[in-house]
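Source file: data_0.txt. Holds: compact mmCIF, N, CA and C atoms.
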```
# COMPACT_ATOMS: atom_id res chain seq x y z
N MET A 1 124.03 109.80 108.98
CA MET A 1 124.08 110.05 107.56
C MET A 1 122.68 109.99 106.93
N GLY A 2 121.92 108.94 107.28
CA GLY A 2 120.58 108.80 106.71
C GLY A 2 119.64 109.89 107.15
N GLU A 3 119.82 110.35 108.38
CA GLU A 3 118.95 111.42 108.89
C GLU A 3 119.17 112.71 108.12
N LEU A 4 120.41 112.96 107.71
CA LEU A 4 120.70 114.15 106.93
C LEU A 4 120.12 114.05 105.52
N ALA A 5 120.13 112.86 104.96
CA ALA A 5 119.67 112.68 103.59
C ALA A 5 118.14 112.71 103.48
N PHE A 6 117.44 112.09 104.42
CA PHE A 6 115.99 111.95 104.31
C PHE A 6 115.21 112.87 105.24
N GLY A 7 115.84 113.48 106.18
CA GLY A 7 115.13 114.29 107.15
C GLY A 7 114.76 113.44 108.36
N LYS A 8 114.51 114.12 109.47
CA LYS A 8 114.27 113.41 110.73
C LYS A 8 112.98 112.59 110.71
N LYS A 9 111.90 113.14 110.12
CA LYS A 9 110.62 112.42 110.12
C LYS A 9 110.70 111.12 109.34
N LEU A 10 111.20 111.18 108.11
CA LEU A 10 111.28 109.97 107.30
C LEU A 10 112.29 108.98 107.86
N PHE A 11 113.38 109.48 108.41
CA PHE A 11 114.38 108.57 108.98
C PHE A 11 113.81 107.80 110.16
N ASN A 12 112.98 108.45 110.97
CA ASN A 12 112.37 107.77 112.12
C ASN A 12 111.31 106.76 111.69
N LEU A 13 110.76 106.93 110.50
CA LEU A 13 109.72 106.02 110.01
C LEU A 13 110.27 104.98 109.03
N ARG A 14 111.58 104.80 108.97
CA ARG A 14 112.17 103.93 107.95
C ARG A 14 111.70 102.49 108.06
N HIS A 15 111.48 101.98 109.26
CA HIS A 15 111.04 100.59 109.41
C HIS A 15 109.56 100.44 109.00
N MET A 16 108.76 101.44 109.33
CA MET A 16 107.36 101.40 108.92
C MET A 16 107.25 101.51 107.40
N LEU A 17 108.06 102.35 106.79
CA LEU A 17 108.02 102.49 105.34
C LEU A 17 108.46 101.21 104.64
N LEU A 18 109.44 100.53 105.20
CA LEU A 18 109.87 99.25 104.63
C LEU A 18 108.76 98.21 104.74
N ALA A 19 108.06 98.19 105.87
CA ALA A 19 106.95 97.24 106.04
C ALA A 19 105.81 97.56 105.08
N VAL A 20 105.52 98.86 104.88
CA VAL A 20 104.46 99.25 103.95
C VAL A 20 104.83 98.83 102.53
N PHE A 21 106.06 99.11 102.12
CA PHE A 21 106.49 98.76 100.77
C PHE A 21 106.46 97.24 100.56
N THR A 22 106.96 96.48 101.52
CA THR A 22 107.01 95.03 101.38
C THR A 22 105.61 94.42 101.33
N SER A 23 104.74 94.81 102.25
CA SER A 23 103.39 94.24 102.27
C SER A 23 102.60 94.65 101.04
N GLY A 24 102.78 95.88 100.58
CA GLY A 24 102.09 96.32 99.37
C GLY A 24 102.55 95.55 98.15
N PHE A 25 103.86 95.36 98.03
CA PHE A 25 104.39 94.62 96.90
C PHE A 25 103.89 93.18 96.89
N ILE A 26 103.91 92.53 98.02
CA ILE A 26 103.48 91.12 98.09
C ILE A 26 101.98 90.99 97.79
N SER A 27 101.16 91.85 98.38
CA SER A 27 99.71 91.72 98.16
C SER A 27 99.33 92.04 96.72
N PHE A 28 99.94 93.07 96.13
CA PHE A 28 99.61 93.38 94.74
C PHE A 28 100.17 92.33 93.79
N ALA A 29 101.33 91.75 94.10
CA ALA A 29 101.86 90.68 93.27
C ALA A 29 100.95 89.45 93.31
N MET A 30 100.43 89.13 94.49
CA MET A 30 99.52 87.99 94.60
C MET A 30 98.22 88.25 93.84
N LEU A 31 97.67 89.46 93.96
CA LEU A 31 96.44 89.78 93.23
C LEU A 31 96.68 89.76 91.72
N TYR A 32 97.82 90.28 91.28
CA TYR A 32 98.14 90.27 89.85
C TYR A 32 98.24 88.85 89.32
N GLN A 33 98.88 87.98 90.08
CA GLN A 33 99.02 86.60 89.65
C GLN A 33 97.66 85.88 89.64
N LEU A 34 96.81 86.18 90.61
CA LEU A 34 95.48 85.57 90.62
C LEU A 34 94.65 86.05 89.43
N ILE A 35 94.72 87.33 89.13
CA ILE A 35 93.92 87.87 88.02
C ILE A 35 94.46 87.37 86.68
N THR A 36 95.79 87.33 86.55
CA THR A 36 96.39 86.94 85.28
C THR A 36 96.31 85.44 85.02
N TYR A 37 96.75 84.63 85.96
CA TYR A 37 96.85 83.18 85.75
C TYR A 37 95.71 82.39 86.40
N GLY A 38 94.99 83.00 87.30
CA GLY A 38 93.89 82.30 87.96
C GLY A 38 94.30 81.53 89.20
N HIS A 39 95.61 81.52 89.51
CA HIS A 39 96.07 80.84 90.72
C HIS A 39 97.47 81.34 91.06
N TRP A 40 97.91 81.04 92.27
CA TRP A 40 99.31 81.22 92.65
C TRP A 40 99.77 79.97 93.35
N GLU A 41 101.06 79.71 93.27
CA GLU A 41 101.59 78.45 93.80
C GLU A 41 102.37 78.70 95.08
N ALA A 42 102.15 77.83 96.06
CA ALA A 42 102.88 77.87 97.31
C ALA A 42 103.48 76.48 97.54
N LYS A 43 104.76 76.35 97.29
CA LYS A 43 105.49 75.08 97.42
C LYS A 43 104.84 73.98 96.60
N GLY A 44 104.46 74.31 95.37
CA GLY A 44 103.90 73.32 94.46
C GLY A 44 102.40 73.17 94.53
N ALA A 45 101.76 73.69 95.58
CA ALA A 45 100.31 73.59 95.69
C ALA A 45 99.66 74.81 95.05
N LYS A 46 98.72 74.58 94.16
CA LYS A 46 98.03 75.69 93.50
C LYS A 46 96.91 76.20 94.41
N VAL A 47 96.90 77.49 94.63
CA VAL A 47 95.87 78.12 95.45
C VAL A 47 95.07 79.03 94.54
N ASP A 48 93.77 78.80 94.47
CA ASP A 48 92.94 79.63 93.61
C ASP A 48 91.57 79.81 94.24
N GLY A 49 90.71 80.49 93.57
CA GLY A 49 89.34 80.67 94.02
C GLY A 49 89.22 81.54 95.25
N ALA A 50 88.27 81.18 96.10
CA ALA A 50 87.96 81.99 97.27
C ALA A 50 89.11 82.05 98.26
N VAL A 51 89.84 80.95 98.40
CA VAL A 51 90.96 80.93 99.34
C VAL A 51 92.06 81.87 98.86
N GLY A 52 92.39 81.81 97.58
CA GLY A 52 93.44 82.67 97.04
C GLY A 52 93.09 84.14 97.15
N TYR A 53 91.86 84.49 96.77
CA TYR A 53 91.44 85.89 96.88
C TYR A 53 91.32 86.32 98.33
N GLY A 54 90.89 85.42 99.20
CA GLY A 54 90.79 85.75 100.62
C GLY A 54 92.13 86.09 101.23
N VAL A 55 93.15 85.28 100.93
CA VAL A 55 94.49 85.55 101.44
C VAL A 55 95.04 86.85 100.87
N ALA A 56 94.85 87.05 99.56
CA ALA A 56 95.37 88.26 98.92
C ALA A 56 94.70 89.52 99.48
N PHE A 57 93.39 89.49 99.66
CA PHE A 57 92.69 90.66 100.19
C PHE A 57 92.99 90.87 101.67
N PHE A 58 93.24 89.79 102.41
CA PHE A 58 93.64 89.94 103.80
C PHE A 58 94.98 90.67 103.90
N LEU A 59 95.93 90.29 103.04
CA LEU A 59 97.22 90.98 103.01
C LEU A 59 97.06 92.42 102.52
N LEU A 60 96.10 92.67 101.65
CA LEU A 60 95.83 94.03 101.19
C LEU A 60 95.28 94.88 102.33
N VAL A 61 94.45 94.30 103.19
CA VAL A 61 93.94 95.02 104.37
C VAL A 61 95.08 95.36 105.32
N ILE A 62 96.02 94.43 105.51
CA ILE A 62 97.19 94.71 106.35
C ILE A 62 98.00 95.85 105.76
N PHE A 63 98.18 95.86 104.43
CA PHE A 63 98.89 96.94 103.75
C PHE A 63 98.21 98.28 104.00
N ILE A 64 96.91 98.33 103.87
CA ILE A 64 96.18 99.60 104.06
C ILE A 64 96.28 100.06 105.51
N ALA A 65 96.19 99.13 106.46
CA ALA A 65 96.32 99.50 107.88
C ALA A 65 97.72 100.04 108.18
N LEU A 66 98.75 99.41 107.62
CA LEU A 66 100.11 99.91 107.81
C LEU A 66 100.30 101.28 107.18
N LEU A 67 99.70 101.48 106.02
CA LEU A 67 99.80 102.77 105.35
C LEU A 67 99.14 103.87 106.17
N ILE A 68 97.96 103.60 106.72
CA ILE A 68 97.26 104.58 107.55
C ILE A 68 98.06 104.88 108.82
N ALA A 69 98.61 103.84 109.45
CA ALA A 69 99.41 104.04 110.66
C ALA A 69 100.67 104.85 110.37
N THR A 70 101.28 104.61 109.23
CA THR A 70 102.48 105.37 108.85
C THR A 70 102.15 106.83 108.62
N ILE A 71 101.05 107.09 107.94
CA ILE A 71 100.65 108.48 107.70
C ILE A 71 100.33 109.19 109.00
N LYS A 72 99.64 108.49 109.93
CA LYS A 72 99.35 109.11 111.23
C LYS A 72 100.62 109.42 112.01
N ASP A 73 101.57 108.49 112.02
CA ASP A 73 102.85 108.73 112.72
C ASP A 73 103.63 109.85 112.06
N TRP A 74 103.58 109.93 110.75
CA TRP A 74 104.31 110.98 110.02
C TRP A 74 103.73 112.36 110.33
N ARG A 75 102.40 112.45 110.39
CA ARG A 75 101.75 113.73 110.70
C ARG A 75 102.01 114.15 112.15
N ARG A 76 102.05 113.16 113.04
CA ARG A 76 102.29 113.45 114.46
C ARG A 76 103.69 114.01 114.67
N GLY A 77 104.62 113.53 113.88
CA GLY A 77 105.98 114.08 113.95
C GLY A 77 106.80 113.39 114.93
```

In structure tokens, what does this structure look like?
Amino acid sequence: MGELAFGKKLFNLRHMLLAVFTSGFISFAMLYQLITYGHWEAKGAKVDGAVGYGVAFFLLVIFIALLIATIKDWRRG
């Protein structure tokens, strides 16, 4: 059913697309919270400064790598 709705290429990449969407959402949400509030909280501990930006940008790099890999797989067919 899903293959008919989305086409064979997108249906085969459904797990990669979910990973790209999830990692992008998390990394941009963390960056937004750092820029807006100056910190983000992990189980009550406030993370800010270089550590917070380092983690957020590391997740952003993972998002970009997943996006590039998805585009390459999509073009390959």

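Comparing A:Gly44, A:Gly24, A:Gly49, A:Gly38 by their smallest distance to Ile62 (chain A), the closest is A:Gly24 (using all atoms listed in the file).
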
For Ile26 (chain A), please output as a PDB file with N, CA and C atoms, in the coordinates of the input all residues within 12 Å (counting only C-alpha atoms; exclusion window: fewer than 2 positions along the same chain).
```
ATOM      1  N   ALA A  19     108.060  98.190 105.870  1.00  0.00           N
ATOM      2  CA  ALA A  19     106.950  97.240 106.040  1.00  0.00           C
ATOM      3  C   ALA A  19     105.810  97.560 105.080  1.00  0.00           C
ATOM      4  N   VAL A  20     105.520  98.860 104.880  1.00  0.00           N
ATOM      5  CA  VAL A  20     104.460  99.250 103.950  1.00  0.00           C
ATOM      6  C   VAL A  20     104.830  98.830 102.530  1.00  0.00           C
ATOM      7  N   PHE A  21     106.060  99.110 102.120  1.00  0.00           N
ATOM      8  CA  PHE A  21     106.490  98.760 100.770  1.00  0.00           C
ATOM      9  C   PHE A  21     106.460  97.240 100.560  1.00  0.00           C
ATOM     10  N   THR A  22     106.960  96.480 101.520  1.00  0.00           N
ATOM     11  CA  THR A  22     107.010  95.030 101.380  1.00  0.00           C
ATOM     12  C   THR A  22     105.610  94.420 101.330  1.00  0.00           C
ATOM     13  N   SER A  23     104.740  94.810 102.250  1.00  0.00           N
ATOM     14  CA  SER A  23     103.390  94.240 102.270  1.00  0.00           C
ATOM     15  C   SER A  23     102.600  94.650 101.040  1.00  0.00           C
ATOM     16  N   GLY A  24     102.780  95.880 100.580  1.00  0.00           N
ATOM     17  CA  GLY A  24     102.090  96.320  99.370  1.00  0.00           C
ATOM     18  C   GLY A  24     102.550  95.550  98.150  1.00  0.00           C
ATOM     19  N   PHE A  28      99.940  93.070  96.130  1.00  0.00           N
ATOM     20  CA  PHE A  28      99.610  93.380  94.740  1.00  0.00           C
ATOM     21  C   PHE A  28     100.170  92.330  93.790  1.00  0.00           C
ATOM     22  N   ALA A  29     101.330  91.750  94.100  1.00  0.00           N
ATOM     23  CA  ALA A  29     101.860  90.680  93.270  1.00  0.00           C
ATOM     24  C   ALA A  29     100.950  89.450  93.310  1.00  0.00           C
ATOM     25  N   MET A  30     100.430  89.130  94.490  1.00  0.00           N
ATOM     26  CA  MET A  30      99.520  87.990  94.600  1.00  0.00           C
ATOM     27  C   MET A  30      98.220  88.250  93.840  1.00  0.00           C
ATOM     28  N   LEU A  31      97.670  89.460  93.960  1.00  0.00           N
ATOM     29  CA  LEU A  31      96.440  89.780  93.230  1.00  0.00           C
ATOM     30  C   LEU A  31      96.680  89.760  91.720  1.00  0.00           C
ATOM     31  N   TYR A  32      97.820  90.280  91.280  1.00  0.00           N
ATOM     32  CA  TYR A  32      98.140  90.270  89.850  1.00  0.00           C
ATOM     33  C   TYR A  32      98.240  88.850  89.320  1.00  0.00           C
ATOM     34  N   GLN A  33      98.880  87.980  90.080  1.00  0.00           N
ATOM     35  CA  GLN A  33      99.020  86.600  89.650  1.00  0.00           C
ATOM     36  C   GLN A  33      97.660  85.880  89.640  1.00  0.00           C
ATOM     37  N   VAL A  55      93.150  85.280 100.930  1.00  0.00           N
ATOM     38  CA  VAL A  55      94.490  85.550 101.440  1.00  0.00           C
ATOM     39  C   VAL A  55      95.040  86.850 100.870  1.00  0.00           C
ATOM     40  N   ALA A  56      94.850  87.050  99.560  1.00  0.00           N
ATOM     41  CA  ALA A  56      95.370  88.260  98.920  1.00  0.00           C
ATOM     42  C   ALA A  56      94.700  89.520  99.480  1.00  0.00           C
ATOM     43  N   PHE A  57      93.390  89.490  99.660  1.00  0.00           N
ATOM     44  CA  PHE A  57      92.690  90.660 100.190  1.00  0.00           C
ATOM     45  C   PHE A  57      92.990  90.870 101.670  1.00  0.00           C
ATOM     46  N   PHE A  58      93.240  89.790 102.410  1.00  0.00           N
ATOM     47  CA  PHE A  58      93.640  89.940 103.800  1.00  0.00           C
ATOM     48  C   PHE A  58      94.980  90.670 103.900  1.00  0.00           C
ATOM     49  N   LEU A  59      95.930  90.290 103.040  1.00  0.00           N
ATOM     50  CA  LEU A  59      97.220  90.980 103.010  1.00  0.00           C
ATOM     51  C   LEU A  59      97.060  92.420 102.520  1.00  0.00           C
ATOM     52  N   LEU A  60      96.100  92.670 101.650  1.00  0.00           N
ATOM     53  CA  LEU A  60      95.830  94.030 101.190  1.00  0.00           C
ATOM     54  C   LEU A  60      95.280  94.880 102.330  1.00  0.00           C
ATOM     55  N   ILE A  62      96.020  94.430 105.510  1.00  0.00           N
ATOM     56  CA  ILE A  62      97.190  94.710 106.350  1.00  0.00           C
ATOM     57  C   ILE A  62      98.000  95.850 105.760  1.00  0.00           C
ATOM     58  N   PHE A  63      98.180  95.860 104.430  1.00  0.00           N
ATOM     59  CA  PHE A  63      98.890  96.940 103.750  1.00  0.00           C
ATOM     60  C   PHE A  63      98.210  98.280 104.000  1.00  0.00           C
TER      61      PHE A  63
END
```

Would you return as a ChimeraX atom specification the members of chain A that DSSP assigns to strand (DSSP E or B) on this structure's backbone?
-> /A:39-42,45-48

How many Å separate CA of Leu17 (chain A) from CA of Leu66 (chain A)?
->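 Value for the CA of Leu17 (chain A)-CA of Leu66 (chain A) distance: 8.7 Å.
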
Run DSSP on the backbone and tell me which residues of chain A come out as helix (DSSP H, G or I); list them as a compact mmCIF listing (two decimals) with N, CA and C atoms, keeping the file's coordinate frame.
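Written output follows (states-v9.txt):
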```
# COMPACT_ATOMS: atom_id res chain seq x y z
N GLY A 2 121.92 108.94 107.28
CA GLY A 2 120.58 108.80 106.71
C GLY A 2 119.64 109.89 107.15
N GLU A 3 119.82 110.35 108.38
CA GLU A 3 118.95 111.42 108.89
C GLU A 3 119.17 112.71 108.12
N LEU A 4 120.41 112.96 107.71
CA LEU A 4 120.70 114.15 106.93
C LEU A 4 120.12 114.05 105.52
N ALA A 5 120.13 112.86 104.96
CA ALA A 5 119.67 112.68 103.59
C ALA A 5 118.14 112.71 103.48
N PHE A 6 117.44 112.09 104.42
CA PHE A 6 115.99 111.95 104.31
C PHE A 6 115.21 112.87 105.24
N LYS A 8 114.51 114.12 109.47
CA LYS A 8 114.27 113.41 110.73
C LYS A 8 112.98 112.59 110.71
N LYS A 9 111.90 113.14 110.12
CA LYS A 9 110.62 112.42 110.12
C LYS A 9 110.70 111.12 109.34
N LEU A 10 111.20 111.18 108.11
CA LEU A 10 111.28 109.97 107.30
C LEU A 10 112.29 108.98 107.86
N PHE A 11 113.38 109.48 108.41
CA PHE A 11 114.38 108.57 108.98
C PHE A 11 113.81 107.80 110.16
N ASN A 12 112.98 108.45 110.97
CA ASN A 12 112.37 107.77 112.12
C ASN A 12 111.31 106.76 111.69
N ARG A 14 111.58 104.80 108.97
CA ARG A 14 112.17 103.93 107.95
C ARG A 14 111.70 102.49 108.06
N HIS A 15 111.48 101.98 109.26
CA HIS A 15 111.04 100.59 109.41
C HIS A 15 109.56 100.44 109.00
N MET A 16 108.76 101.44 109.33
CA MET A 16 107.36 101.40 108.92
C MET A 16 107.25 101.51 107.40
N LEU A 17 108.06 102.35 106.79
CA LEU A 17 108.02 102.49 105.34
C LEU A 17 108.46 101.21 104.64
N LEU A 18 109.44 100.53 105.20
CA LEU A 18 109.87 99.25 104.63
C LEU A 18 108.76 98.21 104.74
N ALA A 19 108.06 98.19 105.87
CA ALA A 19 106.95 97.24 106.04
C ALA A 19 105.81 97.56 105.08
N VAL A 20 105.52 98.86 104.88
CA VAL A 20 104.46 99.25 103.95
C VAL A 20 104.83 98.83 102.53
N PHE A 21 106.06 99.11 102.12
CA PHE A 21 106.49 98.76 100.77
C PHE A 21 106.46 97.24 100.56
N THR A 22 106.96 96.48 101.52
CA THR A 22 107.01 95.03 101.38
C THR A 22 105.61 94.42 101.33
N SER A 23 104.74 94.81 102.25
CA SER A 23 103.39 94.24 102.27
C SER A 23 102.60 94.65 101.04
N GLY A 24 102.78 95.88 100.58
CA GLY A 24 102.09 96.32 99.37
C GLY A 24 102.55 95.55 98.15
N PHE A 25 103.86 95.36 98.03
CA PHE A 25 104.39 94.62 96.90
C PHE A 25 103.89 93.18 96.89
N ILE A 26 103.91 92.53 98.02
CA ILE A 26 103.48 91.12 98.09
C ILE A 26 101.98 90.99 97.79
N SER A 27 101.16 91.85 98.38
CA SER A 27 99.71 91.72 98.16
C SER A 27 99.33 92.04 96.72
N PHE A 28 99.94 93.07 96.13
CA PHE A 28 99.61 93.38 94.74
C PHE A 28 100.17 92.33 93.79
N ALA A 29 101.33 91.75 94.10
CA ALA A 29 101.86 90.68 93.27
C ALA A 29 100.95 89.45 93.31
N MET A 30 100.43 89.13 94.49
CA MET A 30 99.52 87.99 94.60
C MET A 30 98.22 88.25 93.84
N LEU A 31 97.67 89.46 93.96
CA LEU A 31 96.44 89.78 93.23
C LEU A 31 96.68 89.76 91.72
N TYR A 32 97.82 90.28 91.28
CA TYR A 32 98.14 90.27 89.85
C TYR A 32 98.24 88.85 89.32
N GLN A 33 98.88 87.98 90.08
CA GLN A 33 99.02 86.60 89.65
C GLN A 33 97.66 85.88 89.64
N LEU A 34 96.81 86.18 90.61
CA LEU A 34 95.48 85.57 90.62
C LEU A 34 94.65 86.05 89.43
N ILE A 35 94.72 87.33 89.13
CA ILE A 35 93.92 87.87 88.02
C ILE A 35 94.46 87.37 86.68
N THR A 36 95.79 87.33 86.55
CA THR A 36 96.39 86.94 85.28
C THR A 36 96.31 85.44 85.02
N TYR A 37 96.75 84.63 85.96
CA TYR A 37 96.85 83.18 85.75
C TYR A 37 95.71 82.39 86.40
N GLY A 49 90.71 80.49 93.57
CA GLY A 49 89.34 80.67 94.02
C GLY A 49 89.22 81.54 95.25
N ALA A 50 88.27 81.18 96.10
CA ALA A 50 87.96 81.99 97.27
C ALA A 50 89.11 82.05 98.26
N VAL A 51 89.84 80.95 98.40
CA VAL A 51 90.96 80.93 99.34
C VAL A 51 92.06 81.87 98.86
N GLY A 52 92.39 81.81 97.58
CA GLY A 52 93.44 82.67 97.04
C GLY A 52 93.09 84.14 97.15
N TYR A 53 91.86 84.49 96.77
CA TYR A 53 91.44 85.89 96.88
C TYR A 53 91.32 86.32 98.33
N GLY A 54 90.89 85.42 99.20
CA GLY A 54 90.79 85.75 100.62
C GLY A 54 92.13 86.09 101.23
N VAL A 55 93.15 85.28 100.93
CA VAL A 55 94.49 85.55 101.44
C VAL A 55 95.04 86.85 100.87
N ALA A 56 94.85 87.05 99.56
CA ALA A 56 95.37 88.26 98.92
C ALA A 56 94.70 89.52 99.48
N PHE A 57 93.39 89.49 99.66
CA PHE A 57 92.69 90.66 100.19
C PHE A 57 92.99 90.87 101.67
N PHE A 58 93.24 89.79 102.41
CA PHE A 58 93.64 89.94 103.80
C PHE A 58 94.98 90.67 103.90
N LEU A 59 95.93 90.29 103.04
CA LEU A 59 97.22 90.98 103.01
C LEU A 59 97.06 92.42 102.52
N LEU A 60 96.10 92.67 101.65
CA LEU A 60 95.83 94.03 101.19
C LEU A 60 95.28 94.88 102.33
N VAL A 61 94.45 94.30 103.19
CA VAL A 61 93.94 95.02 104.37
C VAL A 61 95.08 95.36 105.32
N ILE A 62 96.02 94.43 105.51
CA ILE A 62 97.19 94.71 106.35
C ILE A 62 98.00 95.85 105.76
N PHE A 63 98.18 95.86 104.43
CA PHE A 63 98.89 96.94 103.75
C PHE A 63 98.21 98.28 104.00
N ILE A 64 96.91 98.33 103.87
CA ILE A 64 96.18 99.60 104.06
C ILE A 64 96.28 100.06 105.51
N ALA A 65 96.19 99.13 106.46
CA ALA A 65 96.32 99.50 107.88
C ALA A 65 97.72 100.04 108.18
N LEU A 66 98.75 99.41 107.62
CA LEU A 66 100.11 99.91 107.81
C LEU A 66 100.30 101.28 107.18
N LEU A 67 99.70 101.48 106.02
CA LEU A 67 99.80 102.77 105.35
C LEU A 67 99.14 103.87 106.17
N ILE A 68 97.96 103.60 106.72
CA ILE A 68 97.26 104.58 107.55
C ILE A 68 98.06 104.88 108.82
N ALA A 69 98.61 103.84 109.45
CA ALA A 69 99.41 104.04 110.66
C ALA A 69 100.67 104.85 110.37
N THR A 70 101.28 104.61 109.23
CA THR A 70 102.48 105.37 108.85
C THR A 70 102.15 106.83 108.62
N ILE A 71 101.05 107.09 107.94
CA ILE A 71 100.65 108.48 107.70
C ILE A 71 100.33 109.19 109.00
N LYS A 72 99.64 108.49 109.93
CA LYS A 72 99.35 109.11 111.23
C LYS A 72 100.62 109.42 112.01
N ASP A 73 101.57 108.49 112.02
CA ASP A 73 102.85 108.73 112.72
C ASP A 73 103.63 109.85 112.06
N TRP A 74 103.58 109.93 110.75
CA TRP A 74 104.31 110.98 110.02
C TRP A 74 103.73 112.36 110.33
N ARG A 75 102.40 112.45 110.39
CA ARG A 75 101.75 113.73 110.70
C ARG A 75 102.01 114.15 112.15
N ARG A 76 102.05 113.16 113.04
CA ARG A 76 102.29 113.45 114.46
C ARG A 76 103.69 114.01 114.67
```

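From CA of Lys72 (chain A) back to CA of Tyr53 (chain A), the distance works out to 28.4 Å.
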
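Separating CA of Ile71 (chain A) from CA of Phe25 (chain A) is a distance of 18.0 Å.
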
Can you list, as a list in words, every protein, DNA or RNA residue that comes within 8 Å of Asp73 (chain A) when you count all atoms listed in the file, leaving out same-chain residues fewer than 5 positions away?
-> Lys9, Leu13, Leu67 and Ile68 of chain A

Grab all the atoms of region 38-57 of chain A that the file lists, wrap them in a box along x, y and z, add 5 Å per side, and give me centre plus edge lengths in Å (one decimal) as JSON.
```
{"center_x": 96.7, "center_y": 82.0, "center_z": 94.5, "size_x": 27.5, "size_y": 27.7, "size_z": 24.4}
```

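Ranking A:Trp74, A:Gly52, A:Val61, A:Lys8 by their shortest atom-to-atom distance to His39 (chain A), with all atoms listed in the file included, puts A:Gly52 first.
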